[in-house]
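target-v7.cif follows (mmCIF, C-alpha atoms):
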data_my_file
loop_
_atom_site.group_PDB
_atom_site.id
_atom_site.type_symbol
_atom_site.label_atom_id
_atom_site.label_comp_id
_atom_site.auth_asym_id
_atom_site.auth_seq_id
_atom_site.Cartn_x
_atom_site.Cartn_y
_atom_site.Cartn_z
ATOM 1 C CA MET A 1 -59.797 7.089 31.146
ATOM 2 C CA PRO A 2 -61.001 10.673 30.606
ATOM 3 C CA LEU A 3 -60.035 12.096 27.242
ATOM 4 C CA HIS A 4 -57.967 14.935 28.677
ATOM 5 C CA ILE A 5 -55.856 12.499 30.711
ATOM 6 C CA GLY A 6 -55.237 10.326 27.660
ATOM 7 C CA THR A 7 -54.218 13.364 25.656
ATOM 8 C CA ARG A 8 -51.757 14.354 28.348
ATOM 9 C CA CYS A 9 -50.250 10.865 28.345
ATOM 10 C CA ILE A 10 -49.873 10.902 24.573
ATOM 11 C CA ALA A 11 -48.286 14.331 24.695
ATOM 12 C CA ALA A 12 -45.902 13.259 27.448
ATOM 13 C CA ALA A 13 -44.941 10.159 25.486
ATOM 14 C CA ALA A 14 -44.331 12.272 22.411
ATOM 15 C CA LEU A 15 -42.098 14.646 24.346
ATOM 16 C CA LEU A 16 -40.187 11.698 25.802
ATOM 17 C CA TYR A 17 -39.697 10.259 22.310
ATOM 18 C CA VAL A 18 -38.431 13.570 21.009
ATOM 19 C CA ALA A 19 -36.029 13.875 23.955
ATOM 20 C CA ILE A 20 -34.659 10.363 23.430
ATOM 21 C CA THR A 21 -34.284 10.623 19.659
ATOM 22 C CA GLY A 22 -32.838 14.114 20.023
ATOM 23 C CA ALA A 23 -30.201 12.778 22.403
ATOM 24 C CA GLU A 24 -29.378 9.988 19.955
ATOM 25 C CA ALA A 25 -29.104 12.489 17.134
ATOM 26 C CA ALA A 26 -26.759 14.819 19.001
ATOM 27 C CA PRO A 27 -23.563 15.258 16.973
ATOM 28 C CA THR A 28 -20.255 13.833 18.121
ATOM 29 C CA ARG A 29 -18.186 16.817 19.265
ATOM 30 C CA VAL A 30 -14.725 16.401 17.759
ATOM 31 C CA SER A 31 -12.367 18.942 19.296
ATOM 32 C CA LEU A 32 -9.323 20.551 17.776
ATOM 33 C CA ALA A 33 -6.955 22.553 19.949
ATOM 34 C CA ALA A 34 -7.980 26.212 19.957
ATOM 35 C CA GLU A 35 -4.398 27.227 19.205
ATOM 36 C CA PRO A 36 -3.410 27.136 15.491
ATOM 37 C CA TYR A 37 -1.155 24.249 14.500
ATOM 38 C CA PRO A 38 -0.597 24.456 10.733
ATOM 39 C CA PRO A 39 -0.701 22.502 8.517
ATOM 40 C CA PHE A 40 -2.803 20.259 10.752
ATOM 41 C CA ALA A 41 -5.392 22.780 11.862
ATOM 42 C CA ALA A 42 -5.704 26.556 11.636
ATOM 43 C CA LYS A 43 -8.455 29.030 10.816
ATOM 44 C CA ASP A 44 -8.630 30.299 7.255
ATOM 45 C CA ALA A 45 -9.351 33.854 6.121
ATOM 46 C CA GLU A 46 -13.066 33.288 6.703
ATOM 47 C CA GLY A 47 -12.542 32.059 10.260
ATOM 48 C CA GLN A 48 -13.223 28.417 9.417
ATOM 49 C CA TRP A 49 -11.036 25.567 10.584
ATOM 50 C CA ALA A 50 -8.969 24.029 7.801
ATOM 51 C CA GLY A 51 -5.992 21.710 7.527
ATOM 52 C CA PHE A 52 -4.987 18.081 7.334
ATOM 53 C CA GLU A 53 -6.502 16.986 10.650
ATOM 54 C CA VAL A 54 -9.743 18.803 9.891
ATOM 55 C CA ASP A 55 -10.075 17.018 6.544
ATOM 56 C CA LEU A 56 -9.102 13.704 8.110
ATOM 57 C CA ALA A 57 -11.631 14.064 10.942
ATOM 58 C CA LYS A 58 -14.412 14.665 8.422
ATOM 59 C CA ALA A 59 -13.344 11.651 6.337
ATOM 60 C CA VAL A 60 -13.144 9.358 9.379
ATOM 61 C CA CYS A 61 -16.534 10.506 10.678
ATOM 62 C CA LYS A 62 -18.087 9.874 7.267
ATOM 63 C CA ALA A 63 -16.558 6.393 7.082
ATOM 64 C CA ALA A 64 -17.713 5.669 10.651
ATOM 65 C CA LYS A 65 -21.226 6.972 9.859
ATOM 66 C CA LEU A 66 -20.952 9.544 12.637
ATOM 67 C CA ASP A 67 -22.540 12.984 12.590
ATOM 68 C CA CYS A 68 -19.570 15.034 13.792
ATOM 69 C CA GLU A 69 -19.297 18.661 14.822
ATOM 70 C CA ILE A 70 -15.857 20.304 14.772
ATOM 71 C CA VAL A 71 -15.290 22.340 17.920
ATOM 72 C CA GLN A 72 -12.261 23.857 19.638
ATOM 73 C CA THR A 73 -10.839 23.663 23.153
ATOM 74 C CA ALA A 74 -7.766 25.244 24.709
ATOM 75 C CA TRP A 75 -4.979 22.692 24.546
ATOM 76 C CA ASP A 76 -4.056 22.795 28.243
ATOM 77 C CA GLY A 77 -7.663 22.036 29.205
ATOM 78 C CA ILE A 78 -8.578 19.563 26.511
ATOM 79 C CA ILE A 79 -8.363 16.337 28.581
ATOM 80 C CA PRO A 80 -10.431 17.813 31.451
ATOM 81 C CA ALA A 81 -12.977 18.993 28.852
ATOM 82 C CA LEU A 82 -13.220 15.448 27.490
ATOM 83 C CA ASN A 83 -13.613 13.822 30.889
ATOM 84 C CA SER A 84 -16.249 16.371 31.952
ATOM 85 C CA ASN A 85 -18.334 15.595 28.826
ATOM 86 C CA LYS A 86 -17.864 19.012 27.227
ATOM 87 C CA ILE A 87 -16.438 17.303 24.126
ATOM 88 C CA ASP A 88 -16.502 13.717 22.847
ATOM 89 C CA VAL A 89 -13.254 13.263 20.927
ATOM 90 C CA ILE A 90 -9.846 14.943 21.059
ATOM 91 C CA TRP A 91 -8.520 15.251 17.504
ATOM 92 C CA ALA A 92 -5.540 17.522 17.980
ATOM 93 C CA SER A 93 -2.245 15.807 17.143
ATOM 94 C CA MET A 94 -2.203 14.210 20.576
ATOM 95 C CA GLY A 95 0.577 11.680 21.093
ATOM 96 C CA ILE A 96 -0.138 8.449 22.929
ATOM 97 C CA THR A 97 1.732 8.318 26.249
ATOM 98 C CA PRO A 98 1.460 6.048 29.311
ATOM 99 C CA GLU A 99 0.485 9.047 31.449
ATOM 100 C CA ARG A 100 -2.356 10.086 29.156
ATOM 101 C CA SER A 101 -3.475 6.480 28.791
ATOM 102 C CA GLN A 102 -4.189 6.441 32.524
ATOM 103 C CA GLN A 103 -6.696 9.269 32.036
ATOM 104 C CA ILE A 104 -8.266 8.585 28.641
ATOM 105 C CA ALA A 105 -8.590 5.982 25.896
ATOM 106 C CA PHE A 106 -7.093 6.343 22.430
ATOM 107 C CA THR A 107 -8.143 5.320 18.959
ATOM 108 C CA ILE A 108 -5.669 3.441 16.832
ATOM 109 C CA PRO A 109 -2.937 5.844 15.625
ATOM 110 C CA TYR A 110 -3.720 7.835 12.491
ATOM 111 C CA TYR A 111 -0.315 9.386 11.783
ATOM 112 C CA THR A 112 3.240 9.493 13.040
ATOM 113 C CA THR A 113 6.178 11.799 12.378
ATOM 114 C CA PRO A 114 9.592 12.266 13.999
ATOM 115 C CA ALA A 115 10.505 15.090 16.351
ATOM 116 C CA HIS A 116 13.103 17.698 15.400
ATOM 117 C CA PHE A 117 15.380 19.960 17.394
ATOM 118 C CA VAL A 118 15.840 23.261 15.564
ATOM 119 C CA GLY A 119 18.292 26.061 16.278
ATOM 120 C CA ALA A 120 20.105 28.988 14.700
ATOM 121 C CA LYS A 121 22.253 28.291 11.666
ATOM 122 C CA GLY A 122 25.903 28.097 12.618
ATOM 123 C CA ASP A 123 25.240 27.045 16.224
ATOM 124 C CA SER A 124 26.385 23.602 17.311
ATOM 125 C CA PHE A 125 25.068 21.462 20.154
ATOM 126 C CA ASP A 126 26.001 18.368 22.108
ATOM 127 C CA PHE A 127 22.989 16.052 22.253
ATOM 128 C CA SER A 128 24.676 13.399 24.381
ATOM 129 C CA PRO A 129 23.352 12.943 27.943
ATOM 130 C CA GLY A 130 24.091 16.093 29.917
ATOM 131 C CA GLY A 131 25.124 17.937 26.774
ATOM 132 C CA LEU A 132 22.448 20.630 26.871
ATOM 133 C CA LYS A 133 23.505 22.087 30.201
ATOM 134 C CA GLY A 134 23.168 25.863 30.044
ATOM 135 C CA LYS A 135 20.945 25.709 26.971
ATOM 136 C CA THR A 136 17.339 26.940 26.864
ATOM 137 C CA VAL A 137 14.891 24.763 24.956
ATOM 138 C CA GLY A 138 11.369 25.840 23.988
ATOM 139 C CA VAL A 139 8.458 23.401 23.746
ATOM 140 C CA GLN A 140 4.684 23.600 23.639
ATOM 141 C CA THR A 141 3.152 22.866 27.023
ATOM 142 C CA SER A 142 1.547 19.493 27.797
ATOM 143 C CA THR A 143 3.073 17.716 24.799
ATOM 144 C CA VAL A 144 5.239 14.639 24.322
ATOM 145 C CA TYR A 145 8.056 17.061 23.454
ATOM 146 C CA ALA A 146 7.813 18.726 26.858
ATOM 147 C CA ASP A 147 7.782 15.291 28.510
ATOM 148 C CA TYR A 148 10.783 14.143 26.515
ATOM 149 C CA ILE A 149 13.026 17.151 27.131
ATOM 150 C CA ALA A 150 12.333 17.062 30.874
ATOM 151 C CA ARG A 151 13.284 13.395 31.042
ATOM 152 C CA ALA A 152 16.134 13.195 28.526
ATOM 153 C CA TYR A 153 17.839 16.528 29.291
ATOM 154 C CA PRO A 154 17.017 17.493 32.887
ATOM 155 C CA GLU A 155 20.060 19.778 32.886
ATOM 156 C CA ALA A 156 18.540 22.032 30.213
ATOM 157 C CA THR A 157 16.421 25.079 30.970
ATOM 158 C CA VAL A 158 12.966 24.416 29.544
ATOM 159 C CA LYS A 159 10.529 27.149 28.527
ATOM 160 C CA THR A 160 6.958 26.115 27.766
ATOM 161 C CA TYR A 161 4.519 27.928 25.486
ATOM 162 C CA SER A 162 0.788 27.732 24.927
ATOM 163 C CA THR A 163 1.335 27.650 21.143
ATOM 164 C CA GLN A 164 4.115 26.456 18.861
ATOM 165 C CA ASP A 165 4.060 29.812 17.072
ATOM 166 C CA ALA A 166 5.035 31.538 20.311
ATOM 167 C CA ALA A 167 7.954 29.151 20.793
ATOM 168 C CA ASN A 168 9.095 29.738 17.225
ATOM 169 C CA ALA A 169 8.930 33.500 17.729
ATOM 170 C CA ASP A 170 11.208 33.304 20.763
ATOM 171 C CA LEU A 171 13.631 31.122 18.822
ATOM 172 C CA VAL A 172 13.776 33.725 16.043
ATOM 173 C CA ALA A 173 14.271 36.485 18.631
ATOM 174 C CA GLY A 174 17.234 34.659 20.170
ATOM 175 C CA ARG A 175 15.515 33.979 23.484
ATOM 176 C CA LEU A 176 15.890 30.234 22.941
ATOM 177 C CA ASP A 177 18.849 28.107 21.950
ATOM 178 C CA LEU A 178 16.681 25.304 20.607
ATOM 179 C CA GLY A 179 13.100 24.418 19.830
ATOM 180 C CA LEU A 180 11.700 20.895 19.895
ATOM 181 C CA ALA A 181 8.482 19.948 18.119
ATOM 182 C CA ASP A 182 6.864 17.802 15.453
ATOM 183 C CA SER A 183 8.915 17.747 12.262
ATOM 184 C CA ILE A 184 5.970 18.678 10.028
ATOM 185 C CA ALA A 185 4.916 21.674 12.098
ATOM 186 C CA LEU A 186 8.529 22.864 12.145
ATOM 187 C CA ALA A 187 8.945 22.257 8.411
ATOM 188 C CA ASP A 188 6.367 24.938 7.637
ATOM 189 C CA PHE A 189 8.167 27.341 9.981
ATOM 190 C CA LEU A 190 11.580 26.629 8.443
ATOM 191 C CA LYS A 191 10.242 27.180 4.916
ATOM 192 C CA GLY A 192 8.894 30.617 5.835
ATOM 193 C CA LYS A 193 10.729 33.918 6.059
ATOM 194 C CA ASP A 194 10.893 33.826 9.877
ATOM 195 C CA GLY A 195 12.467 30.391 9.783
ATOM 196 C CA GLU A 196 15.382 31.476 7.581
ATOM 197 C CA CYS A 197 17.397 31.898 10.779
ATOM 198 C CA CYS A 198 17.233 28.272 11.714
ATOM 199 C CA GLU A 199 17.751 24.664 10.719
ATOM 200 C CA VAL A 200 17.260 21.122 12.004
ATOM 201 C CA LYS A 201 19.963 20.231 14.506
ATOM 202 C CA ASN A 202 18.983 16.768 15.675
ATOM 203 C CA VAL A 203 16.335 14.063 15.259
ATOM 204 C CA PRO A 204 15.791 12.487 18.695
ATOM 205 C CA ARG A 205 14.912 8.816 18.829
ATOM 206 C CA ASP A 206 12.633 7.712 21.642
ATOM 207 C CA PRO A 207 9.614 5.396 22.058
ATOM 208 C CA ILE A 208 7.526 8.407 23.117
ATOM 209 C CA PHE A 209 7.636 9.630 19.504
ATOM 210 C CA GLU A 210 6.943 6.211 17.986
ATOM 211 C CA ALA A 211 3.604 5.417 19.654
ATOM 212 C CA GLY A 212 1.854 7.673 17.176
ATOM 213 C CA ILE A 213 -0.848 10.321 17.111
ATOM 214 C CA ALA A 214 -4.419 9.273 17.880
ATOM 215 C CA GLY A 215 -7.867 10.471 18.839
ATOM 216 C CA GLY A 216 -8.601 10.727 22.546
ATOM 217 C CA LEU A 217 -11.824 9.428 24.093
ATOM 218 C CA ARG A 218 -13.399 8.744 27.455
ATOM 219 C CA LYS A 219 -12.616 5.217 28.598
ATOM 220 C CA SER A 220 -16.330 4.515 28.915
ATOM 221 C CA ASP A 221 -16.997 5.279 25.227
ATOM 222 C CA ILE A 222 -16.189 1.784 23.981
ATOM 223 C CA ASP A 223 -18.634 1.842 21.052
ATOM 224 C CA LEU A 224 -17.399 5.236 19.862
ATOM 225 C CA LYS A 225 -13.800 4.006 19.939
ATOM 226 C CA ALA A 226 -14.751 0.937 17.890
ATOM 227 C CA ARG A 227 -16.531 3.094 15.298
ATOM 228 C CA LEU A 228 -13.649 5.581 15.036
ATOM 229 C CA ASP A 229 -11.086 2.760 14.778
ATOM 230 C CA ALA A 230 -13.148 1.248 11.963
ATOM 231 C CA GLY A 231 -13.395 4.679 10.325
ATOM 232 C CA ILE A 232 -9.630 5.235 10.458
ATOM 233 C CA THR A 233 -9.034 1.770 9.015
ATOM 234 C CA ALA A 234 -11.547 2.384 6.223
ATOM 235 C CA VAL A 235 -9.965 5.737 5.320
ATOM 236 C CA TYR A 236 -6.581 4.029 5.003
ATOM 237 C CA LYS A 237 -7.857 1.053 3.026
ATOM 238 C CA SER A 238 -9.786 3.222 0.577
ATOM 239 C CA GLY A 239 -6.716 5.312 -0.190
ATOM 240 C CA GLU A 240 -8.425 8.447 1.158
ATOM 241 C CA PHE A 241 -5.716 8.965 3.788
ATOM 242 C CA ASP A 242 -2.994 9.122 1.150
ATOM 243 C CA ARG A 243 -5.058 11.483 -0.995
ATOM 244 C CA LEU A 244 -5.593 13.840 1.920
ATOM 245 C CA ALA A 245 -1.965 13.653 3.066
ATOM 246 C CA LYS A 246 -0.659 14.526 -0.410
ATOM 247 C CA ARG A 247 -2.564 17.825 -0.279
ATOM 248 C CA TYR A 248 -0.382 18.923 2.617
ATOM 249 C CA PHE A 249 2.828 16.878 2.661
ATOM 250 C CA SER A 250 5.461 15.747 0.211
ATOM 251 C CA PHE A 251 6.464 12.764 2.357
ATOM 252 C CA ASP A 252 4.790 9.816 4.092
ATOM 253 C CA ILE A 253 3.186 10.400 7.492
ATOM 254 C CA GLY A 254 0.976 7.337 7.511
ATOM 255 C CA THR A 255 0.554 4.807 10.292
ATOM 256 C CA PRO A 256 -1.317 1.977 8.524
ATOM 257 C CA PRO A 257 -3.578 0.045 10.931
ATOM 258 C CA LYS A 258 -2.316 -3.401 11.819
ATOM 259 C CA ASP A 259 -4.386 -6.290 10.548
#
Would you write out, as structure tokens, the structure that this file holds?
Amino acid sequence: MPLHIGTRCIAAAALLYVAITGAEAAPTRVSLAAEPYPPFAAKDAEGQWAGFEVDLAKAVCKAAKLDCEIVQTAWDGIIPALNSNKIDVIWASMGITPERSQQIAFTIPYYTTPAHFVGAKGDSFDFSPGGLKGKTVGVQTSTVYADYIARAYPEATVKTYSTQDAANADLVAGRLDLGLADSIALADFLKGKDGECCEVKNVPRDPIFEAGIAGGLRKSDIDLKARLDAGITAVYKSGEFDRLAKRYFSFDIGTPPKD
């Protein structure tokens, strides 16, 4: 074989090796929702993502021996982004539902909290079936809370918002009778000056809130799911989950993995 041909073959092989190892070394893109959702995830004064879910994602990736990159995706497009390979993991307080489970796979749950209805102090409501007729309820779009209110109280007028902050603002302004969201996210709102107007009115009980919050993955990513499940389990067993949770919450939000 002439020397120049051999050199070309070696160079081509080297380029192929670099391409393969580079692909293997590509970080796992773990996506938060682009919309702030404190205390789970929001940008700090320096424009960096911070919060409980950010810290937890980093801990799980470390335990799973994954090189993870935190990215952001608009909430209403986050499942299409996953299925079109723009991201690898949804890590954005996504509740497990039968409808979502038809589109994507889920890790084991990593936290669970109840839902809360909140409304103006002094207002009273009937939460029996049909009792919210004539009432306007605000929820974040494409969430288990939006699914629940549409099914449990079809007589209510439902307003959807791209962010929970926007829903809270309309509640404060009197454009909503009630808001429905995760109890932790609402707790921060109620503790603030804007939330002085309002209080918890009801804690709805439904299986849709009990399935838990988990990471979302493509159904084909079986190995990645196994590694993330093992990472979540390791973070719980080491006590790291409790240490992280205590930075942000004064109550238990854990969903210990089943043996």
Could you tell me, as a VMD selection string, exactly which residues end up selected when the PyMOL selection byres ((chain A and resi 141) around 7) is applied to this structure? chain A and resid 139 to 140 142 to 143 146 160 to 162
Please enumerate the residues selected by the PyMOL selection byres ((chain A and resi 221) around 12) when evaluated against the supplied file, formatted as a ChimeraX atom specification. /A:28,82-83,85,88-89,104-107,216-220,222-228
Running the PyMOL selection byres ((chain A and resi 164) around 12) on this model by hand, what would come out? Give it as a PyMOL selection string. chain A and resi 33+35-38+75+138-143+145-146+159-163+165-171+179-186+188-189
Restricting to all atoms listed in the file, whichever of A:Asp194, A:Glu155, A:Glu210, A:Asp55 is closest to Leu244 of chain A is A:Asp55
Between atom CA of Phe52 of chain A and atom CA of Ile78 of chain A, what is the spacing in Å?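 About the pair atom CA of Ile78 of chain A and atom CA of Phe52 of chain A: they are 19.6 Å apart.
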Return the single residue from A:Thr157, A:Thr233, A:Thr136, A:Gln103 that is closest to Leu56 of chain A, with distances computed using all atoms listed in the file. A:Thr233
Between atom CA of Lys86 of chain A and atom CA of Ala34 of chain A, measure the distance and give it in Å to one decimal. 14.2 Å
Listing only residues of segment 165-253 of chain A within 7 Å of segment 59-69 of chain A, what is the closest atom pair and its distance in Å (to one decimal) for each, using all atoms listed in the file, sorted by chain and residue number ascending, as a tab-separated table?
residue	atom	partner	partner_atom	distance
A:Arg227	CA	A:Ala64	CA	5.4
A:Leu228	CA	A:Ala64	CA	6.0
A:Ala230	CA	A:Ala64	CA	6.5
A:Gly231	CA	A:Ala64	CA	4.4
A:Ile232	CA	A:Val60	CA	5.5
A:Ala234	CA	A:Ala63	CA	6.5
A:Val235	CA	A:Val60	CA	6.3
Export of prior selection with C-alpha atoms as a short mmCIF file (atom, residue, chain, number, x, y, z; two decimals), in the coordinates of the input:
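Heads up, here's the output in out.cif:
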data_model
loop_
_atom_site.label_atom_id
_atom_site.label_comp_id
_atom_site.auth_asym_id
_atom_site.auth_seq_id
_atom_site.Cartn_x
_atom_site.Cartn_y
_atom_site.Cartn_z
CA ARG A 227 -16.53 3.09 15.30
CA LEU A 228 -13.65 5.58 15.04
CA ALA A 230 -13.15 1.25 11.96
CA GLY A 231 -13.40 4.68 10.32
CA ILE A 232 -9.63 5.24 10.46
CA ALA A 234 -11.55 2.38 6.22
CA VAL A 235 -9.96 5.74 5.32
#
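Across the model, the gap from atom CA of Thr112 of chain A to atom CA of Ala245 of chain A is 12.0 Å.
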Given only C-alpha atoms as the basis, pick out the residue of A:Ala150, A:Ala120, A:Val203, A:Ala187 nearest to Gly174 of chain A.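 Closest candidate: A:Ala120.
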Within 7 Å of (16.9, 29.7, 11.7) (coordinates as in the file), grab all the protein and nucleic acid residues, counting all atoms listed in the file, and write them out as a list in words.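 Within the cut-off we find Gly119, Ala120, Lys121, Val172, Leu190, Gly195, Glu196, Cys197, Cys198 and Glu199 of chain A.
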Using only C-alpha atoms, tabulate the residues of segment 203-222 of chain A lying at most 12 Å from any atom of segment 95-98 of chain A, each with its closest atom pair and that distance in Å to one decimal, by chain and increasing residue number, as CSV.
residue,atom,partner,partner_atom,distance
A:Asp206,CA,A:Thr97,CA,11.9
A:Pro207,CA,A:Thr97,CA,9.4
A:Ile208,CA,A:Thr97,CA,6.6
A:Phe209,CA,A:Gly95,CA,7.5
A:Glu210,CA,A:Ile96,CA,8.9
A:Ala211,CA,A:Ile96,CA,5.8
A:Gly212,CA,A:Gly95,CA,5.7
A:Ile213,CA,A:Gly95,CA,4.4
A:Ala214,CA,A:Gly95,CA,6.4
A:Gly215,CA,A:Gly95,CA,8.8
A:Gly216,CA,A:Ile96,CA,8.8
A:Leu217,CA,A:Ile96,CA,11.8
Measuring between all atoms listed in the file, which one of A:Asp177, A:Pro204, A:Ala92, A:Thr113 shows the shortest distance to Thr73 of chain A? A:Ala92
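Nearest to Val71 of chain A of all the residues A:Ala57, A:Leu32, A:Ile108, A:Ala173 is A:Leu32, based on all atoms listed in the file.
Closest to Pro114 of chain A among A:Gln48, A:Asn202, A:Gln102, A:Gln72 is A:Asn202, based on only C-alpha atoms.
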Please define a box with edges along x, y and z of the file around all atoms of segment 37-51 of chain A given in the file, extend it by 6 Å on each side, and return its centre and edge lengths in Å to one decimal, as AutoDock Vina command-line options.
--center_x -6.9 --center_y 27.1 --center_z 10.3 --size_x 24.6 --size_y 25.6 --size_z 20.4
